[in-house]
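Colleague: Below is a structure I'd like to ask you about.
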Amino acid sequence: MKRLKFSDLKEEDRLRLDFEGSLDQQAELEHELEPLLQALEENAGEWMPDVVEGQRQRKYSRASIWKSLEEKRDEKNTDIVFGRTTWPALYMMLDLRFPPLPPQLRLSLKVQPLSFFAEAERCLKLVEMVRTWASRYPVSHASAHSLADRGLADSPLFGRDMETSIRDGFDKIYEVFWLNVFGPRLVESVGRERMLSTPAHRVEELPNGSVLLVTWPTAADFASDEARIAQARAHAHLRPDLDFSTLLRTLRERSAALAPVEPRFHPDVAPLLSRVVDDCAIHERQRRIAELNHYQPPEPDEWLPASDALPSDVTDPQRALGHYGDLAEHLVALLHSQVPSVFDETPQSLTEVDYQFWHQDFPTVFERHHIDEHAVPAIGAYLGQVLVRHLGGQWIPRQKLEESQVRVGSRVWLPFVRAWRYMRSRQSLLDSSLTQLYRVAERHRS
């Protein structure tokens, strides 16, 4: 019984729900959490958690919840994670804070994929669950929306940046999401009558003075033009100082930024660029695909015609070959924990190595003299070993590493020169990738 993690799945958009409510510090914890768990169990349906994690993972039950909360508790807080072992994937963290901190219930919930909430009935049950929570645990603001679109909402390109969001919080209505709960303070800042007359799919006043607002019947359809018009109308109504046309234009730009883009990467580096895209935040991914569709890596020039190859100038060729093997082992020692395939010395492992160095921003993070003295020789030797093993290459040893060559067909390649260029910057890891040189050498083998 293993919790299904988002990292186990191909990443796609998720529903994200953020909820922070007040707790009664005088009440017993089990009694205080009963309405929250009851509403979850009645409404979650197909995304209901089946495991709970405190210090260890347990099958979902009330007893497991109390046990997990107790074993994680300290003087000020406790937290547990709810999850699922089957699709759809769920991550739900419940964080409880106690005096001397302000008593608080904080809940972060993500369900992947967002498309799971294309059904109106599932969305209605989610709304009812949040309605119950917000009626029982007073909030200043709560929301549920697309994770990707939330990322764009917090982007300086489209509105508030993260620093401003953290500093100011939700002190006024900066954004209207698919589902919103506005606490009494926000309601009064807008005007209760005005808020209750908001043009939206559902507007409901809760017993504690909060207002529940849902812009559109289904969460998954948030980027459709009809849903964006509804979102802009609600926002413009709640913030008369904002222009409807401007709001709508911004929302449409966000929808365009999230529209799927078909990858058309240069074939020599397509596996590497796919990994680079996967490393992006989900809200940046389509823009990055579009950028990389136009990327053309420079043609490798670290080669000579075989007829111009420098002859070996070492007295003991076998010893030189052993030295190249030792250097390649240094790369294995450096990367084996992050890149297990590095042991294999395959074309695929070259792509994994490329990605790992890019992911770490290795040329920037580590000191230059260590890179040039240790990393570059190891990378060059490893690249040469792959050319030898998989393309029938032959080392031509030279006393100077940068002059050492690998003959493949009608060309000799200079792997240490390639490694030196490769390690200049993060961009050079793409422009001078090991993957590309191998593919070009493969094409010219005959």
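Letters for chains follow the order of the structure tokens (A, B, ...), residue numbers begin at 1 for each chain, and ligand numbers begin at 1 in the order shown.
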Need to verify the contact set: A:Val51, 9 Å, only C-alpha atoms, exclusion of same-chain residues closer than 4 positions in sequence. Can you return it as a ChimeraX atom specification?

Modeller: /A:1-3,57-61,64,81-85

Colleague: So that I can see what lies close to A:Leu273, please list as a PDB file with N, CA, C and O atoms, in the first residue's frame the residues with an atom at most 10 Å from it, counting only C-alpha atoms and leaving out residues fewer than 2 positions away in the same chain.

Modeller:
```pdb
ATOM      1  N   PRO A 263       5.188  19.689 -29.186  1.00  0.00           N
ATOM      2  CA  PRO A 263       6.655  19.779 -29.273  1.00  0.00           C
ATOM      3  C   PRO A 263       7.153  19.402 -30.662  1.00  0.00           C
ATOM      4  O   PRO A 263       6.744  18.374 -31.230  1.00  0.00           O
ATOM      5  N   PHE A 265      10.791  19.574 -31.441  1.00  0.00           N
ATOM      6  CA  PHE A 265      12.173  19.861 -31.090  1.00  0.00           C
ATOM      7  C   PHE A 265      13.127  19.319 -32.155  1.00  0.00           C
ATOM      8  O   PHE A 265      12.816  18.349 -32.853  1.00  0.00           O
ATOM      9  N   HIS A 266      14.300  19.946 -32.239  1.00  0.00           N
ATOM     10  CA  HIS A 266      15.351  19.446 -33.116  1.00  0.00           C
ATOM     11  C   HIS A 266      15.614  17.979 -32.764  1.00  0.00           C
ATOM     12  O   HIS A 266      15.843  17.649 -31.596  1.00  0.00           O
ATOM     13  N   PRO A 267      15.584  17.076 -33.748  1.00  0.00           N
ATOM     14  CA  PRO A 267      15.651  15.645 -33.431  1.00  0.00           C
ATOM     15  C   PRO A 267      16.906  15.212 -32.688  1.00  0.00           C
ATOM     16  O   PRO A 267      16.866  14.258 -31.905  1.00  0.00           O
ATOM     17  N   ASP A 268      18.036  15.904 -32.901  1.00  0.00           N
ATOM     18  CA  ASP A 268      19.270  15.500 -32.221  1.00  0.00           C
ATOM     19  C   ASP A 268      19.207  15.710 -30.718  1.00  0.00           C
ATOM     20  O   ASP A 268      19.900  15.015 -29.962  1.00  0.00           O
ATOM     21  N   VAL A 269      18.411  16.678 -30.286  1.00  0.00           N
ATOM     22  CA  VAL A 269      18.350  17.002 -28.856  1.00  0.00           C
ATOM     23  C   VAL A 269      16.940  16.883 -28.284  1.00  0.00           C
ATOM     24  O   VAL A 269      16.691  17.311 -27.164  1.00  0.00           O
ATOM     25  N   ALA A 270      16.028  16.280 -29.037  1.00  0.00           N
ATOM     26  CA  ALA A 270      14.638  16.186 -28.572  1.00  0.00           C
ATOM     27  C   ALA A 270      14.514  15.496 -27.209  1.00  0.00           C
ATOM     28  O   ALA A 270      13.777  15.985 -26.339  1.00  0.00           O
ATOM     29  N   PRO A 271      15.205  14.374 -26.957  1.00  0.00           N
ATOM     30  CA  PRO A 271      15.071  13.754 -25.622  1.00  0.00           C
ATOM     31  C   PRO A 271      15.530  14.672 -24.497  1.00  0.00           C
ATOM     32  O   PRO A 271      14.923  14.701 -23.425  1.00  0.00           O
ATOM     33  N   ARG A 275      13.186  16.692 -21.379  1.00  0.00           N
ATOM     34  CA  ARG A 275      13.491  16.710 -19.950  1.00  0.00           C
ATOM     35  C   ARG A 275      13.556  18.135 -19.420  1.00  0.00           C
ATOM     36  O   ARG A 275      13.112  18.414 -18.300  1.00  0.00           O
ATOM     37  N   VAL A 276      14.102  19.046 -20.205  1.00  0.00           N
ATOM     38  CA  VAL A 276      14.175  20.455 -19.796  1.00  0.00           C
ATOM     39  C   VAL A 276      12.764  21.017 -19.601  1.00  0.00           C
ATOM     40  O   VAL A 276      12.497  21.724 -18.627  1.00  0.00           O
ATOM     41  N   VAL A 277      11.858  20.681 -20.519  1.00  0.00           N
ATOM     42  CA  VAL A 277      10.472  21.147 -20.404  1.00  0.00           C
ATOM     43  C   VAL A 277       9.817  20.579 -19.150  1.00  0.00           C
ATOM     44  O   VAL A 277       9.107  21.281 -18.424  1.00  0.00           O
ATOM     45  N   ASP A 278      10.066  19.301 -18.873  1.00  0.00           N
ATOM     46  CA  ASP A 278       9.470  18.678 -17.693  1.00  0.00           C
ATOM     47  C   ASP A 278       9.942  19.343 -16.406  1.00  0.00           C
ATOM     48  O   ASP A 278       9.281  19.233 -15.369  1.00  0.00           O
ATOM     49  N   ASP A 279      11.074  20.023 -16.460  1.00  0.00           N
ATOM     50  CA  ASP A 279      11.630  20.685 -15.285  1.00  0.00           C
ATOM     51  C   ASP A 279      10.948  22.029 -15.003  1.00  0.00           C
ATOM     52  O   ASP A 279      11.135  22.601 -13.939  1.00  0.00           O
ATOM     53  N   ARG A 288       7.545  27.473 -22.793  1.00  0.00           N
ATOM     54  CA  ARG A 288       8.890  26.915 -22.962  1.00  0.00           C
ATOM     55  C   ARG A 288       8.947  25.976 -24.163  1.00  0.00           C
ATOM     56  O   ARG A 288       9.929  25.972 -24.913  1.00  0.00           O
ATOM     57  N   ILE A 289       7.903  25.184 -24.371  1.00  0.00           N
ATOM     58  CA  ILE A 289       7.857  24.315 -25.552  1.00  0.00           C
ATOM     59  C   ILE A 289       7.918  25.151 -26.818  1.00  0.00           C
ATOM     60  O   ILE A 289       8.667  24.840 -27.761  1.00  0.00           O
ATOM     61  N   LEU A 292      11.450  26.391 -27.347  1.00  0.00           N
ATOM     62  CA  LEU A 292      12.403  25.351 -27.722  1.00  0.00           C
ATOM     63  C   LEU A 292      12.082  24.743 -29.085  1.00  0.00           C
ATOM     64  O   LEU A 292      12.957  24.121 -29.703  1.00  0.00           O
ATOM     65  N   ASN A 293      10.843  24.917 -29.557  1.00  0.00           N
ATOM     66  CA  ASN A 293      10.531  24.480 -30.922  1.00  0.00           C
ATOM     67  C   ASN A 293      11.361  25.249 -31.945  1.00  0.00           C
ATOM     68  O   ASN A 293      11.616  24.754 -33.052  1.00  0.00           O
ATOM     69  N   TYR A 295      14.430  26.385 -31.265  1.00  0.00           N
ATOM     70  CA  TYR A 295      15.846  26.274 -30.906  1.00  0.00           C
ATOM     71  C   TYR A 295      16.590  25.354 -31.875  1.00  0.00           C
ATOM     72  O   TYR A 295      16.164  24.222 -32.124  1.00  0.00           O
ATOM     73  N   THR A 351      22.125  11.605 -22.360  1.00  0.00           N
ATOM     74  CA  THR A 351      21.009  12.545 -22.191  1.00  0.00           C
ATOM     75  C   THR A 351      20.709  12.773 -20.719  1.00  0.00           C
ATOM     76  O   THR A 351      20.444  13.907 -20.291  1.00  0.00           O
ATOM     77  N   ASP A 354      23.388  15.069 -19.455  1.00  0.00           N
ATOM     78  CA  ASP A 354      23.100  16.430 -19.919  1.00  0.00           C
ATOM     79  C   ASP A 354      22.039  17.088 -19.049  1.00  0.00           C
ATOM     80  O   ASP A 354      22.196  18.233 -18.595  1.00  0.00           O
ATOM     81  N   TYR A 355      20.944  16.369 -18.839  1.00  0.00           N
ATOM     82  CA  TYR A 355      19.845  16.945 -18.074  1.00  0.00           C
ATOM     83  C   TYR A 355      20.259  17.242 -16.636  1.00  0.00           C
ATOM     84  O   TYR A 355      19.938  18.302 -16.096  1.00  0.00           O
ATOM     85  N   LEU A 430      23.247  23.012 -23.337  1.00  0.00           N
ATOM     86  CA  LEU A 430      22.333  22.693 -24.436  1.00  0.00           C
ATOM     87  C   LEU A 430      23.027  22.869 -25.788  1.00  0.00           C
ATOM     88  O   LEU A 430      22.907  22.014 -26.672  1.00  0.00           O
TER      89      LEU A 430
END
```

Colleague: Nearest to A:Leu147: which of A:Gln360, A:Gln26, A:Ser115, A:Gln55 is it, counting only C-alpha atoms?

Modeller: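 For A:Leu147, the nearest of the candidates is A:Ser115.
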
Colleague: Can you pull out the residues contacting stretch 122-133 of chain A? Cut-off 10 Å, using only C-alpha atoms, and skip same-chain residues under 3 positions away; I want them as number ranges by chain.

Modeller: A: 17, 19-21, 33, 35-47, 116-119, 136-139, 142-144, 179-181, 202, 204-206, 210-214, 216-220

Colleague: Which residues, written as a list in words, have at least one atom at most 6 Å from stretch 326-334 of chain A, with only C-alpha atoms counted and residues fewer than 2 positions away on the same chain left out?

Modeller: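 The neighbour list is His323, Tyr324, His336, Val342, Ala378, Ala381 and Tyr382 of chain A.
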
Colleague: Which residue gives the smallest distance to A:Glu34 among A:Leu15, A:Val440, A:Ala259, A:Ile65, with only C-alpha atoms counted?

Modeller: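 The shortest atom-to-atom distance to A:Glu34 comes from A:Ile65.
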
Colleague: Based on DSSP run over this structure's backbone, return all residues of stretch 271-424 of chain A in strand (DSSP E), as a PyMOL selection string.

Modeller: chain A and resi 303-305+394-396+405-408+411-413

Colleague: Take the residues from that selection and put them in a file with N, CA and C atoms, as a PDB file, in the first residue's frame.

Modeller:
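File result32.pdb, as written:
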```pdb
ATOM      1  N   TRP A 303      35.643  18.165 -34.461  1.00  0.00           N
ATOM      2  CA  TRP A 303      36.021  16.987 -35.237  1.00  0.00           C
ATOM      3  C   TRP A 303      36.992  17.391 -36.340  1.00  0.00           C
ATOM      4  N   LEU A 304      37.664  16.372 -36.894  1.00  0.00           N
ATOM      5  CA  LEU A 304      38.549  16.520 -38.046  1.00  0.00           C
ATOM      6  C   LEU A 304      38.264  15.374 -39.010  1.00  0.00           C
ATOM      7  N   PRO A 305      38.545  15.581 -40.294  1.00  0.00           N
ATOM      8  CA  PRO A 305      38.493  14.426 -41.200  1.00  0.00           C
ATOM      9  C   PRO A 305      39.509  13.378 -40.724  1.00  0.00           C
ATOM     10  N   GLN A 394      37.449   4.301 -31.974  1.00  0.00           N
ATOM     11  CA  GLN A 394      38.795   3.900 -31.570  1.00  0.00           C
ATOM     12  C   GLN A 394      39.528   5.125 -31.022  1.00  0.00           C
ATOM     13  N   TRP A 395      40.005   5.010 -29.781  1.00  0.00           N
ATOM     14  CA  TRP A 395      40.777   6.106 -29.193  1.00  0.00           C
ATOM     15  C   TRP A 395      42.096   6.293 -29.959  1.00  0.00           C
ATOM     16  N   ILE A 396      42.472   7.540 -30.172  1.00  0.00           N
ATOM     17  CA  ILE A 396      43.825   7.894 -30.617  1.00  0.00           C
ATOM     18  C   ILE A 396      44.418   8.720 -29.485  1.00  0.00           C
ATOM     19  N   GLN A 405      41.651  11.950 -29.431  1.00  0.00           N
ATOM     20  CA  GLN A 405      40.609  11.813 -30.444  1.00  0.00           C
ATOM     21  C   GLN A 405      39.977  10.433 -30.362  1.00  0.00           C
ATOM     22  N   VAL A 406      38.761  10.341 -30.895  1.00  0.00           N
ATOM     23  CA  VAL A 406      38.086   9.061 -31.085  1.00  0.00           C
ATOM     24  C   VAL A 406      37.694   8.972 -32.558  1.00  0.00           C
ATOM     25  N   ARG A 407      38.266   7.984 -33.259  1.00  0.00           N
ATOM     26  CA  ARG A 407      37.942   7.809 -34.673  1.00  0.00           C
ATOM     27  C   ARG A 407      36.631   7.046 -34.794  1.00  0.00           C
ATOM     28  N   VAL A 408      35.673   7.631 -35.518  1.00  0.00           N
ATOM     29  CA  VAL A 408      34.402   6.981 -35.829  1.00  0.00           C
ATOM     30  C   VAL A 408      34.172   7.175 -37.327  1.00  0.00           C
ATOM     31  N   ARG A 411      35.538  10.346 -39.590  1.00  0.00           N
ATOM     32  CA  ARG A 411      35.873  11.511 -38.773  1.00  0.00           C
ATOM     33  C   ARG A 411      36.587  11.093 -37.487  1.00  0.00           C
ATOM     34  N   VAL A 412      37.337  12.021 -36.944  1.00  0.00           N
ATOM     35  CA  VAL A 412      37.833  11.851 -35.579  1.00  0.00           C
ATOM     36  C   VAL A 412      37.222  12.966 -34.732  1.00  0.00           C
ATOM     37  N   TRP A 413      36.764  12.561 -33.550  1.00  0.00           N
ATOM     38  CA  TRP A 413      36.076  13.493 -32.658  1.00  0.00           C
ATOM     39  C   TRP A 413      36.975  13.857 -31.488  1.00  0.00           C
TER      40      TRP A 413
END
```

Colleague: Can you check which residues of stretch 243-289 of chain A DSSP gives as helix (DSSP H, G or I) on the backbone and send them as number ranges by chain?

Modeller: A: 244-258, 270-278, 282-289

Colleague: May I have the selected residues written with N, CA and C atoms, as a compact mmCIF listing (two decimals), in the first residue's frame?

Modeller:
```txt
# COMPACT_ATOMS: atom_id res chain seq x y z
N PHE A 244 -13.35 45.95 -17.03
CA PHE A 244 -13.74 44.61 -17.48
C PHE A 244 -12.94 44.16 -18.69
N SER A 245 -12.79 45.03 -19.68
CA SER A 245 -12.08 44.65 -20.91
C SER A 245 -10.62 44.28 -20.62
N THR A 246 -9.99 45.03 -19.71
CA THR A 246 -8.61 44.74 -19.35
C THR A 246 -8.50 43.41 -18.62
N LEU A 247 -9.44 43.18 -17.69
CA LEU A 247 -9.45 41.91 -16.97
C LEU A 247 -9.64 40.74 -17.93
N LEU A 248 -10.57 40.88 -18.85
CA LEU A 248 -10.85 39.80 -19.79
C LEU A 248 -9.66 39.56 -20.71
N ARG A 249 -9.03 40.63 -21.16
CA ARG A 249 -7.86 40.46 -22.02
C ARG A 249 -6.74 39.70 -21.30
N THR A 250 -6.53 40.03 -20.04
CA THR A 250 -5.50 39.34 -19.26
C THR A 250 -5.84 37.87 -19.08
N LEU A 251 -7.11 37.58 -18.80
CA LEU A 251 -7.52 36.18 -18.64
C LEU A 251 -7.38 35.41 -19.94
N ARG A 252 -7.72 36.03 -21.04
CA ARG A 252 -7.57 35.36 -22.34
C ARG A 252 -6.09 35.11 -22.66
N GLU A 253 -5.24 36.05 -22.27
CA GLU A 253 -3.80 35.84 -22.46
C GLU A 253 -3.31 34.67 -21.62
N ARG A 254 -3.85 34.53 -20.43
CA ARG A 254 -3.48 33.39 -19.59
C ARG A 254 -3.97 32.09 -20.22
N SER A 255 -5.17 32.08 -20.75
CA SER A 255 -5.67 30.87 -21.42
C SER A 255 -4.77 30.51 -22.61
N ALA A 256 -4.36 31.53 -23.37
CA ALA A 256 -3.48 31.27 -24.51
C ALA A 256 -2.14 30.72 -24.05
N ALA A 257 -1.64 31.23 -22.92
CA ALA A 257 -0.35 30.77 -22.40
C ALA A 257 -0.41 29.32 -21.93
N LEU A 258 -1.60 28.83 -21.61
CA LEU A 258 -1.76 27.45 -21.14
C LEU A 258 -2.21 26.50 -22.23
N ALA A 270 16.03 16.28 -29.04
CA ALA A 270 14.64 16.19 -28.57
C ALA A 270 14.51 15.50 -27.21
N PRO A 271 15.20 14.37 -26.96
CA PRO A 271 15.07 13.75 -25.62
C PRO A 271 15.53 14.67 -24.50
N LEU A 272 16.59 15.44 -24.74
CA LEU A 272 17.09 16.37 -23.72
C LEU A 272 16.12 17.51 -23.51
N LEU A 273 15.62 18.09 -24.58
CA LEU A 273 14.71 19.23 -24.44
C LEU A 273 13.40 18.81 -23.78
N SER A 274 12.98 17.58 -24.00
CA SER A 274 11.77 17.09 -23.32
C SER A 274 11.98 17.07 -21.81
N ARG A 275 13.19 16.69 -21.38
CA ARG A 275 13.49 16.71 -19.95
C ARG A 275 13.56 18.14 -19.42
N VAL A 276 14.10 19.05 -20.21
CA VAL A 276 14.17 20.46 -19.80
C VAL A 276 12.76 21.02 -19.60
N VAL A 277 11.86 20.68 -20.52
CA VAL A 277 10.47 21.15 -20.40
C VAL A 277 9.82 20.58 -19.15
N ASP A 278 10.07 19.30 -18.87
CA ASP A 278 9.47 18.68 -17.69
C ASP A 278 9.94 19.34 -16.41
N ILE A 282 4.49 24.08 -14.16
CA ILE A 282 3.48 23.69 -15.12
C ILE A 282 2.90 24.89 -15.87
N HIS A 283 2.83 26.06 -15.21
CA HIS A 283 2.25 27.22 -15.89
C HIS A 283 3.21 27.82 -16.92
N GLU A 284 4.49 27.44 -16.90
CA GLU A 284 5.46 27.96 -17.85
C GLU A 284 5.73 26.99 -18.99
N ARG A 285 5.16 25.81 -18.91
CA ARG A 285 5.58 24.71 -19.80
C ARG A 285 5.28 24.96 -21.27
N GLN A 286 4.08 25.43 -21.58
CA GLN A 286 3.72 25.60 -23.00
C GLN A 286 4.55 26.71 -23.65
N ARG A 287 4.79 27.78 -22.90
CA ARG A 287 5.65 28.84 -23.43
C ARG A 287 7.05 28.32 -23.70
N ARG A 288 7.55 27.47 -22.79
CA ARG A 288 8.89 26.91 -22.96
C ARG A 288 8.95 25.98 -24.16
N ILE A 289 7.90 25.18 -24.37
CA ILE A 289 7.86 24.31 -25.55
C ILE A 289 7.92 25.15 -26.82
```

Colleague: Which residues are near A:Gln427? Cut-off 12 Å, only C-alpha atoms, ignore same chain within fewer than 2 positions. Put them as a list in words.

Modeller: Val276, Tyr295, Pro297, Pro298, Asp354, Tyr355, Phe357, Trp358, His359, Asp361, Phe362, Pro363, Thr364, Arg421, Tyr422, Met423, Arg424, Ser425, Leu429, Leu430, Asp431, Ser432 and Ser433 of chain A

Colleague: So which residues touch A:Leu401 within 9 Å, counting only C-alpha atoms, skipping near sequence neighbours fewer than 6 positions away, as a VMD selection string?

Modeller: chain A and resid 377 380 416 to 417

Colleague: Which is closer to A:Tyr91 than all the others in A:Lys110, A:Lys76, A:Arg418, A:His235, using only C-alpha atoms?

Modeller: A:Lys110
